[in-house]
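Enquirer: For reference, the file final05.txt (compact mmCIF, C-alpha atoms) is included below:
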# COMPACT_ATOMS: atom_id res chain seq x y z
CA MET A 20 -15.06 -20.86 -29.56
CA THR A 21 -17.87 -18.34 -29.51
CA SER A 22 -19.60 -19.69 -32.63
CA LYS A 23 -20.57 -22.79 -30.65
CA LYS A 24 -22.86 -20.58 -28.59
CA LEU A 25 -24.68 -19.27 -31.65
CA PRO A 26 -27.94 -20.91 -32.77
CA SER A 27 -26.53 -21.56 -36.24
CA ASN A 28 -23.80 -20.59 -38.65
CA TYR A 29 -26.40 -18.68 -40.64
CA PHE A 30 -27.21 -16.53 -37.65
CA TYR A 31 -23.50 -15.98 -37.06
CA LEU A 32 -23.01 -14.87 -40.67
CA PHE A 33 -26.02 -12.58 -40.37
CA ILE A 34 -24.57 -10.92 -37.25
CA LYS A 35 -21.23 -10.47 -39.00
CA ALA A 36 -22.86 -8.95 -42.09
CA ILE A 37 -24.93 -6.47 -40.07
CA PHE A 38 -22.66 -5.53 -37.16
CA SER A 39 -19.07 -5.96 -38.35
CA VAL A 40 -16.85 -2.90 -37.78
CA LYS A 41 -13.48 -2.06 -39.29
CA GLU A 42 -10.44 -2.64 -37.10
CA ASN A 43 -8.60 0.47 -35.95
CA THR A 44 -4.96 -0.03 -34.92
CA ASN A 45 -4.58 3.46 -33.43
CA LYS A 46 -3.50 3.10 -29.78
CA ASN A 47 -4.36 6.70 -28.87
CA LEU A 48 -7.83 6.72 -27.32
CA GLY A 49 -7.88 10.44 -26.60
CA GLN A 50 -9.64 11.78 -23.51
CA LEU A 51 -12.31 9.40 -22.29
CA LYS A 52 -15.08 10.92 -20.19
CA LYS A 53 -17.69 8.18 -20.18
CA ILE A 54 -16.58 4.52 -20.14
CA LEU A 55 -18.67 1.35 -20.13
CA ILE A 56 -17.21 -1.96 -18.91
CA ILE A 57 -19.12 -5.17 -19.64
CA ARG A 58 -18.54 -8.10 -17.27
CA GLN A 59 -21.87 -9.89 -17.41
CA HIS A 60 -20.58 -13.48 -17.56
CA ASN A 61 -18.02 -13.49 -14.75
CA GLN A 62 -18.42 -14.94 -11.27
CA LEU A 63 -18.13 -12.87 -8.09
CA GLY A 64 -14.50 -13.85 -7.51
CA ASP A 65 -13.53 -12.87 -11.06
CA LEU A 66 -15.19 -9.50 -10.65
CA LEU A 67 -13.49 -8.73 -7.34
CA ALA A 68 -10.10 -9.97 -8.53
CA GLY A 69 -10.38 -7.68 -11.54
CA VAL A 70 -10.90 -4.42 -9.64
CA SER A 71 -7.43 -3.39 -10.79
CA LEU A 72 -8.96 -2.63 -14.20
CA PHE A 73 -11.35 -0.10 -12.67
CA ARG A 74 -8.50 1.46 -10.70
CA ALA A 75 -6.27 1.70 -13.77
CA LEU A 76 -8.99 3.49 -15.74
CA LYS A 77 -9.58 5.96 -12.93
CA GLU A 78 -5.85 6.63 -12.59
CA LYS A 79 -5.58 7.30 -16.33
CA TYR A 80 -8.84 9.25 -16.58
CA PRO A 81 -9.55 10.62 -13.07
CA ASP A 82 -12.52 12.71 -14.23
CA SER A 83 -14.17 9.90 -16.15
CA HIS A 84 -17.59 8.43 -15.37
CA LEU A 85 -17.21 4.64 -15.10
CA THR A 86 -20.27 2.47 -15.74
CA LEU A 87 -20.22 -1.28 -15.12
CA LEU A 88 -22.65 -3.75 -16.64
CA ALA A 89 -22.64 -6.84 -14.42
CA SER A 90 -24.79 -9.95 -14.24
CA ILE A 91 -27.51 -10.60 -11.71
CA GLU A 92 -25.21 -13.29 -10.25
CA ASN A 93 -22.17 -11.12 -9.55
CA TYR A 94 -23.25 -7.49 -9.32
CA HIS A 95 -22.96 -7.52 -5.51
CA GLY A 96 -19.20 -7.40 -5.98
CA ALA A 97 -19.50 -3.91 -7.46
CA LEU A 98 -21.84 -2.43 -4.86
CA LYS A 99 -20.33 0.60 -3.13
CA ASN A 100 -17.12 0.18 -5.12
CA LYS A 101 -15.38 3.55 -5.03
CA PHE A 102 -14.24 3.24 -8.66
CA ILE A 103 -17.70 2.55 -10.09
CA ASP A 104 -19.92 5.57 -10.72
CA GLU A 105 -22.88 3.68 -12.14
CA LEU A 106 -23.98 0.04 -12.08
CA PHE A 107 -26.38 -1.64 -14.50
CA VAL A 108 -27.55 -5.12 -13.52
CA PHE A 109 -28.06 -7.37 -16.54
CA ASN A 110 -30.49 -10.25 -16.26
CA LYS A 111 -30.61 -12.25 -19.48
CA LEU A 112 -33.95 -13.84 -18.56
CA GLN A 113 -35.60 -10.43 -18.30
CA MET A 114 -34.75 -9.64 -21.93
CA TYR A 115 -37.94 -11.48 -22.92
CA ASN A 116 -39.90 -8.79 -21.09
CA PRO A 117 -40.56 -5.93 -23.58
CA ILE A 118 -40.32 -3.24 -20.90
CA LYS A 119 -37.05 -4.59 -19.48
CA PHE A 120 -35.63 -4.99 -22.98
CA PHE A 121 -36.57 -1.40 -23.83
CA LEU A 122 -34.85 -0.11 -20.68
CA PHE A 123 -31.78 -2.18 -21.52
CA ILE A 124 -31.56 -0.74 -25.05
CA LYS A 125 -32.16 2.76 -23.69
CA PHE A 126 -29.24 2.26 -21.32
CA LEU A 127 -26.96 1.06 -24.13
CA ARG A 128 -27.90 3.91 -26.45
CA GLN A 129 -26.68 6.64 -24.14
CA LYS A 130 -23.44 8.13 -25.39
CA PHE A 131 -20.19 6.44 -24.31
CA ASP A 132 -16.65 7.39 -25.32
CA ALA A 133 -15.48 3.78 -25.00
CA VAL A 134 -16.77 0.32 -24.13
CA ILE A 135 -14.42 -2.40 -22.86
CA VAL A 136 -15.00 -6.15 -22.65
CA PRO A 137 -12.24 -7.69 -20.48
CA VAL A 138 -11.66 -11.46 -20.43
CA THR A 139 -10.07 -13.90 -18.01
CA VAL A 140 -10.73 -17.56 -18.84
CA SER A 141 -13.46 -17.42 -21.49
CA ILE A 142 -14.94 -15.21 -24.18
CA SER A 143 -18.63 -14.35 -24.09
CA PHE A 144 -20.49 -13.71 -27.33
CA THR A 145 -23.26 -12.05 -25.31
CA SER A 146 -20.81 -9.54 -23.86
CA ASN A 147 -19.37 -8.89 -27.30
CA ILE A 148 -22.73 -8.21 -28.94
CA ILE A 149 -23.77 -5.97 -26.05
CA ALA A 150 -20.61 -3.93 -26.63
CA ARG A 151 -21.44 -3.62 -30.32
CA LEU A 152 -25.00 -2.50 -29.60
CA SER A 153 -23.79 0.24 -27.27
CA ASN A 154 -23.57 3.78 -28.55
CA SER A 155 -19.82 4.13 -28.26
CA ASN A 156 -17.06 5.70 -30.31
CA ILE A 157 -14.53 3.02 -29.32
CA ARG A 158 -15.08 -0.69 -28.68
CA ILE A 159 -12.22 -2.62 -27.08
CA GLY A 160 -12.36 -6.41 -26.91
CA PRO A 161 -10.42 -9.65 -27.34
CA LYS A 162 -9.05 -10.64 -30.73
CA SER A 163 -8.01 -14.02 -29.34
CA LEU A 164 -7.63 -15.84 -26.05
CA ASP A 165 -4.69 -18.19 -25.45
CA GLY A 166 -4.10 -18.52 -29.19
CA LYS A 167 -7.75 -19.28 -30.05
CA PRO A 168 -9.33 -16.63 -32.29
CA ASN A 169 -12.39 -14.79 -31.03
CA GLU A 170 -14.84 -15.50 -33.83
CA SER A 171 -16.82 -12.40 -32.93
CA ALA A 172 -13.80 -10.07 -32.83
CA PHE A 173 -15.40 -8.25 -35.78
CA LEU A 174 -17.69 -6.56 -33.24
CA PHE A 175 -14.73 -4.50 -31.94
CA ASP A 176 -12.73 -1.80 -33.69
CA ARG A 177 -9.84 -2.12 -31.17
CA ARG A 178 -8.87 -5.79 -30.93
CA VAL A 179 -6.37 -7.19 -28.42
CA ASP A 180 -4.72 -10.62 -28.30
CA ILE A 181 -4.96 -12.01 -24.75
CA ASP A 182 -2.65 -14.86 -23.80
CA TRP A 183 -2.33 -16.30 -20.29
CA ARG A 184 0.35 -18.66 -21.60
CA LYS A 185 2.89 -15.84 -21.77
CA TYR A 186 2.61 -15.33 -18.00
CA PRO A 187 1.10 -18.57 -16.60
CA ASP A 188 1.68 -17.58 -12.98
CA SER A 189 0.44 -14.00 -13.19
CA ASN A 190 -2.43 -13.01 -10.93
CA VAL A 191 -5.78 -12.28 -12.55
CA ALA A 192 -5.51 -8.75 -11.15
CA GLU A 193 -2.52 -8.25 -13.45
CA HIS A 194 -3.80 -10.33 -16.31
CA ILE A 195 -7.07 -8.45 -16.69
CA LEU A 196 -5.12 -5.30 -17.52
CA GLU A 197 -3.86 -6.90 -20.75
CA ILE A 198 -7.01 -5.68 -22.52
CA VAL A 199 -6.05 -2.01 -21.92
CA LYS A 200 -2.25 -2.05 -21.66
CA PRO A 201 -1.79 -1.47 -25.41
CA PHE A 202 -3.50 1.89 -24.88
CA GLY A 203 -1.23 3.00 -22.05
CA ILE A 204 -3.68 2.16 -19.25
CA GLU A 205 -1.98 0.47 -16.26
CA THR A 206 -1.73 0.49 -12.47
CA LYS A 207 0.82 -0.78 -9.97
CA ASP A 208 -1.83 -1.39 -7.30
CA PHE A 209 -3.47 -4.77 -7.82
CA ARG A 210 -5.48 -4.94 -4.59
CA SER A 211 -9.19 -5.51 -4.73
CA VAL A 212 -11.75 -3.19 -3.12
CA ILE A 213 -15.18 -3.34 -1.53
CA SER A 214 -16.13 0.09 -0.24
CA PHE A 215 -18.33 -0.84 2.72
CA ASP A 216 -19.62 2.15 4.69
CA GLU A 217 -20.52 3.18 8.23
CA SER A 218 -23.89 1.43 8.11
CA ASP A 219 -22.18 -1.86 7.24
CA LEU A 220 -19.71 -1.45 10.10
CA ASN A 221 -22.53 -0.57 12.51
CA TYR A 222 -24.37 -3.72 11.50
CA ALA A 223 -21.25 -5.83 11.99
CA ASN A 224 -20.64 -4.34 15.43
CA THR A 225 -24.27 -4.91 16.40
CA TYR A 226 -23.93 -8.55 15.39
CA LEU A 227 -20.75 -8.93 17.49
CA SER A 228 -22.59 -7.45 20.46
CA GLN A 229 -25.45 -9.92 19.97
CA ILE A 230 -23.08 -12.91 20.08
CA ASN A 231 -21.40 -11.46 23.21
CA TYR A 232 -18.05 -11.01 21.52
CA ASN A 233 -15.33 -10.04 23.97
CA LYS A 234 -12.62 -7.89 22.40
CA ASP A 235 -10.02 -9.69 24.49
CA SER A 236 -10.67 -12.82 22.44
CA LYS A 237 -9.50 -13.60 18.91
CA LEU A 238 -12.28 -13.08 16.39
CA ILE A 239 -11.85 -15.75 13.71
CA GLY A 240 -14.08 -16.17 10.66
CA LEU A 241 -14.21 -19.22 8.42
CA HIS A 242 -15.85 -20.02 5.12
CA VAL A 243 -16.18 -23.80 4.83
CA GLY A 244 -18.22 -23.98 1.61
CA ALA A 245 -17.37 -23.54 -2.05
CA GLY A 246 -19.31 -23.75 -5.28
CA LYS A 247 -16.93 -26.34 -6.71
CA PRO A 248 -16.54 -29.58 -4.66
CA PRO A 249 -12.79 -29.92 -5.45
CA ASN A 250 -12.28 -26.55 -3.74
CA ARG A 251 -13.76 -27.69 -0.42
CA TRP A 252 -11.35 -28.62 2.36
CA SER A 253 -12.40 -31.52 4.60
CA LEU A 254 -15.13 -30.45 7.03
CA GLN A 255 -13.64 -32.73 9.68
CA LYS A 256 -10.33 -30.94 9.30
CA TYR A 257 -12.13 -27.62 9.83
CA VAL A 258 -13.62 -29.09 13.02
CA GLU A 259 -10.16 -30.19 14.19
CA LEU A 260 -8.64 -26.82 13.32
CA ILE A 261 -11.32 -24.95 15.27
CA SER A 262 -10.80 -27.22 18.28
CA ARG A 263 -7.05 -26.68 18.20
CA LEU A 264 -7.35 -22.92 17.86
CA ASN A 265 -9.80 -22.82 20.75
CA THR A 266 -7.44 -24.87 22.92
CA ASN A 267 -4.53 -22.53 22.31
CA TYR A 268 -6.32 -19.18 22.16
CA ASN A 269 -9.32 -17.38 23.60
CA CYS A 270 -11.42 -17.39 20.42
CA THR A 271 -14.77 -16.29 19.08
CA PHE A 272 -15.69 -18.13 15.89
CA TYR A 273 -18.19 -17.35 13.15
CA LEU A 274 -18.99 -18.97 9.82
CA THR A 275 -19.95 -17.07 6.69
CA GLY A 276 -22.08 -18.51 3.93
CA THR A 277 -25.54 -18.80 2.44
CA ASN A 278 -28.28 -21.41 2.37
CA PHE A 279 -26.24 -23.06 -0.37
CA ASP A 280 -23.61 -23.89 2.27
CA LYS A 281 -26.16 -25.09 4.86
CA GLU A 282 -25.09 -28.74 4.84
CA GLU A 283 -21.40 -27.92 5.34
CA ILE A 284 -22.12 -25.33 8.03
CA GLU A 285 -24.39 -27.68 9.99
CA TYR A 286 -21.75 -30.40 9.87
CA VAL A 287 -19.07 -28.16 11.36
CA ILE A 288 -21.39 -26.83 14.06
CA ASN A 289 -22.82 -30.24 14.99
CA HIS A 290 -19.41 -31.93 15.17
CA SER A 291 -17.66 -29.19 17.15
CA ASN A 292 -17.46 -28.98 20.94
CA VAL A 293 -16.91 -25.22 20.56
CA LYS A 294 -19.55 -22.52 20.21
CA ILE A 295 -19.63 -21.40 16.58
CA ASN A 296 -21.70 -18.45 15.44
CA GLN A 297 -23.24 -17.99 12.01
CA PHE A 298 -23.18 -14.92 9.77
CA LEU A 299 -25.30 -16.15 6.89
CA ASN A 300 -27.10 -14.68 3.87
CA HIS A 301 -25.69 -11.19 4.30
CA PRO A 302 -24.83 -8.63 1.60
CA ILE A 303 -21.24 -8.62 0.41
CA THR A 304 -20.58 -5.23 2.03
CA GLU A 305 -21.67 -6.48 5.48
CA ILE A 306 -19.51 -9.59 5.09
CA ALA A 307 -16.53 -7.41 4.20
CA ALA A 308 -17.25 -5.23 7.23
CA ILE A 309 -17.27 -8.07 9.77
CA ILE A 310 -14.18 -9.64 8.22
CA SER A 311 -12.43 -6.26 8.55
CA LEU A 312 -13.07 -6.41 12.31
CA SER A 313 -11.64 -9.92 12.63
CA ASP A 314 -8.21 -11.10 13.71
CA LEU A 315 -8.09 -13.87 11.12
CA PHE A 316 -10.15 -15.26 8.26
CA ILE A 317 -9.77 -18.76 6.79
CA SER A 318 -11.44 -19.73 3.53
CA ASN A 319 -11.63 -22.22 0.73
CA ASP A 320 -10.90 -21.01 -2.80
CA THR A 321 -14.26 -19.37 -3.54
CA GLY A 322 -15.96 -15.99 -3.90
CA ILE A 323 -15.84 -15.06 -0.21
CA MET A 324 -12.08 -15.59 -0.29
CA HIS A 325 -11.93 -12.62 -2.65
CA VAL A 326 -14.26 -10.60 -0.40
CA ALA A 327 -11.89 -11.20 2.52
CA GLY A 328 -9.04 -10.27 0.21
CA THR A 329 -10.37 -6.71 -0.03
CA THR A 330 -9.83 -6.18 3.71
CA ASP A 331 -6.61 -5.73 5.71
CA THR A 332 -7.45 -8.74 7.89
CA PRO A 333 -4.85 -11.54 7.96
CA GLN A 334 -6.13 -14.35 5.78
CA ILE A 335 -5.40 -17.97 4.92
CA SER A 336 -6.74 -19.28 1.60
CA LEU A 337 -6.85 -23.01 0.93
CA PHE A 338 -6.26 -24.19 -2.64
CA GLY A 339 -6.60 -27.47 -4.48
CA PRO A 340 -6.80 -27.69 -8.28
CA THR A 341 -6.72 -23.93 -8.92
CA ASN A 342 -3.42 -22.10 -9.41
CA PRO A 343 -3.05 -19.73 -6.41
CA PHE A 344 -0.56 -17.59 -8.33
CA ASN A 345 -3.50 -16.68 -10.56
CA TRP A 346 -6.29 -16.37 -8.01
CA ALA A 347 -5.00 -15.89 -4.45
CA PRO A 348 -5.72 -12.48 -2.86
CA ILE A 349 -2.90 -9.95 -3.01
CA GLY A 350 -1.69 -8.00 0.03
CA MET A 351 0.06 -8.06 3.38
CA ASN A 352 -0.70 -11.11 5.55
CA LYS A 353 -2.60 -12.78 2.71
CA ILE A 354 -1.28 -16.35 2.81
CA TYR A 355 -2.32 -19.30 0.67
CA ILE A 356 -1.66 -23.01 1.15
CA ARG A 357 -1.56 -25.53 -1.66
CA LYS A 358 -0.01 -28.99 -1.58
CA SER A 359 -1.40 -30.52 -4.78
CA ASP A 360 -4.52 -30.67 -6.93
CA LEU A 361 -6.16 -32.42 -3.98
CA ILE A 362 -7.11 -29.80 -1.40
CA ASP A 363 -7.26 -32.44 1.34
CA ASP A 364 -3.53 -32.99 1.03
CA ILE A 365 -3.42 -29.85 3.21
CA GLN A 366 -3.17 -30.98 6.84
CA VAL A 367 -4.59 -29.32 9.95
CA GLU A 368 -1.03 -28.79 11.17
CA ASP A 369 -0.20 -26.82 8.00
CA VAL A 370 -3.05 -24.38 8.58
CA PHE A 371 -2.62 -24.14 12.34
CA ASN A 372 1.07 -23.25 12.07
CA ILE A 373 0.27 -20.29 9.82
CA CYS A 374 -2.60 -19.29 12.11
CA THR A 375 -0.16 -18.99 15.02
CA ILE A 376 2.13 -16.74 12.97
CA LEU A 377 -0.66 -14.47 11.76
CA LEU A 378 -2.36 -14.23 15.15
CA LYS A 379 0.95 -13.35 16.79
CA ASN A 380 1.59 -10.65 14.21
CA ASN A 381 -1.92 -9.31 14.74
CA GLU A 382 -1.88 -9.17 18.53
CA LYS A 383 -4.06 -6.41 19.96
Using structure tokens, write down the structure from this file.
Expert:
Amino acid sequence: MTSKKLPSNYFYLFIKAIFSVKENTNKNLGQLKKILIIRQHNQLGDLLAGVSLFRALKEKYPDSHLTLLASIENYHGALKNKFIDELFVFNKLQMYNPIKFFLFIKFLRQKFDAVIVPVTVSISFTSNIIARLSNSNIRIGPKSLDGKPNESAFLFDRRVDIDWRKYPDSNVAEHILEIVKPFGIETKDFRSVISFDESDLNYANTYLSQINYNKDSKLIGLHVGAGKPPNRWSLQKYVELISRLNTNYNCTFYLTGTNFDKEEIEYVINHSNVKINQFLNHPITEIAAIISLSDLFISNDTGIMHVAGTTDTPQISLFGPTNPFNWAPIGMNKIYIRKSDLIDDIQVEDVFNICTILLKNNEK
């Protein structure tokens, strides 16, 4: 698995000869004060869905200092997270810069009691070697994933077999804890968290004032894009859903997204006979804030779905090929719809019927 990412078998053998550590089967980690978690290869949704790991560590070691190393692509998911004490943003391209590389090594060489490399659907050699280079007493990482050996498991002294196949319908928020469960680290609260603050809420309220939002109306947000085409529900169905909601309720609509979603957003706006506002290119914390003020949020299976999942706002998540048992947000009034691997098998009527239930339950 991981050896395929290495330049050559010779390089792999060299790494093993220089950096291999002896496995330690002791499950007692002692008192951990300073913990490093490495999640540099995961997407935003993976990071947010795995917040339960941070919570479990804080519950077990409430006085610990938790440092997260996250990639330049997903670090926004850890901003203002109440469980994260320190965030280091890793940009692989900057490692060619001598100054950036020096600062990276300086960061790794500070003293840690433990470093943990969690996994969900893939093993990253880069994450594993970063863990080995860190100045840590304990290195916890995968020994195997779904029966496939981790060929760089020799970089960890505490090695854990991870197998989704044992619990194929478990949520990632539960599954990610498998890396630390052998050491008595667990939580019963699997909800995700984005700790937006007063400034984020003020910005969201200012935006609502600018679009002349009337609190007597239903504030409904939608995310019509997705990084993966199979996860995108029909744009025409979104148009029909918006029209039907507007006919039956006094609504204020807004779309979230970035420039990446521009084509989809323009289609929905241009084909709708309803005023639709845009909340685009905003930080994750501001998106979470405006969703928290909404009556309902509807999203494809994508990163913003997980952002909405951190709020108490009623939510409908639309799934196609992905297993919602694994990835759907957890919590009250968090509903998912899946008919088959084809997301467009979901009909407008299916979504509208759940909208009516959630909006009724959330009446002001």
Enquirer: Need to verify the contact set: A:Leu112, 12 Å, all atoms listed in the file, exclusion of same-chain residues closer than 5 positions in sequence. Can you return it as a VMD selection string?
Expert: chain A and resid 90 to 91 117 119 to 120
Enquirer: Might you pull out every residue within 7 Å of stretch 335-344 of chain A, with only C-alpha atoms counted and same-chain residues fewer than 5 positions away left off, and present them as a PyMOL selection string?
Expert: chain A and resi 188-190+249-250+316-320+324+353-357+359-362
Enquirer: Find the spatial neighbours of A:Ala327, counting all atoms listed in the file, within a cut-off of 12 Å - ignore same-chain residues fewer than 5 positions away - and output them as a PyMOL selection string.
Expert: chain A and resi 64+67-68+96+210-213+240-242+275+303-322+332-336+347-350+352-354
Enquirer: Please measure the separation of atom CA of A:Ile54 and atom CA of A:Asp176, giving the value in Å to one decimal.
Expert: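 If I compute the distance from atom CA of A:Ile54 to atom CA of A:Asp176, I get 15.4 Å.
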Enquirer: When you look at A:Phe272 with a cut-off of 9 Å (counting all atoms listed in the file), what residues show up, excluding the ones that are within fewer than 3 positions of it in the same chain? I need them as a PyMOL selection string.
Expert: chain A and resi 237-241+261+265+293-297
Enquirer: Atom CA of A:Val108 and atom CA of A:Leu122 are how many Å apart?
Expert: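 Distance reported for this atom pair: 11.4 Å.
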Enquirer: Report as a short mmCIF file (atom, residue, chain, number, x, y, z; two decimals) with C-alpha atoms, in the coordinates of the input all protein, DNA and RNA residues lying within 7 Å of A:Leu174, evaluated on all atoms listed in the file, omitting residues in the same chain fewer than 6 positions from it.
Expert:
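This went into part_2.cif:
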data_model
loop_
_atom_site.label_atom_id
_atom_site.label_comp_id
_atom_site.auth_asym_id
_atom_site.auth_seq_id
_atom_site.Cartn_x
_atom_site.Cartn_y
_atom_site.Cartn_z
CA PHE A 38 -22.66 -5.53 -37.16
CA SER A 39 -19.07 -5.96 -38.35
CA VAL A 40 -16.85 -2.90 -37.78
CA ASN A 147 -19.37 -8.89 -27.30
CA ILE A 148 -22.73 -8.21 -28.94
CA ARG A 151 -21.44 -3.62 -30.32
#
Enquirer: Compare A:Ser71, A:Thr86, A:Gln59, A:Asn267 by their minimum atom-to-atom distance to A:Val199, counting only C-alpha atoms, and give me the closest one.
Expert: A:Ser71
Enquirer: What is the distance, in Å and to one decimal place, between atom CA of A:Leu164 and atom CA of A:Leu196?
Expert: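 Here the two named atoms are 13.8 Å from each other.
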Enquirer: Using all atoms listed in the file, which of the listed residues (A:Val243, A:Asp331, A:Ser253, A:Tyr226) sits closest to A:His301?
Expert: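 Among the listed residues, A:Tyr226 lies closest to A:His301.
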Enquirer: Measuring atom to atom with all atoms listed in the file, identify which of A:Pro137, A:Pro81, A:Gly49, A:Gly276 is nearest to A:Ile157.
Expert: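 Distance minimum relative to A:Ile157 lands on A:Gly49.
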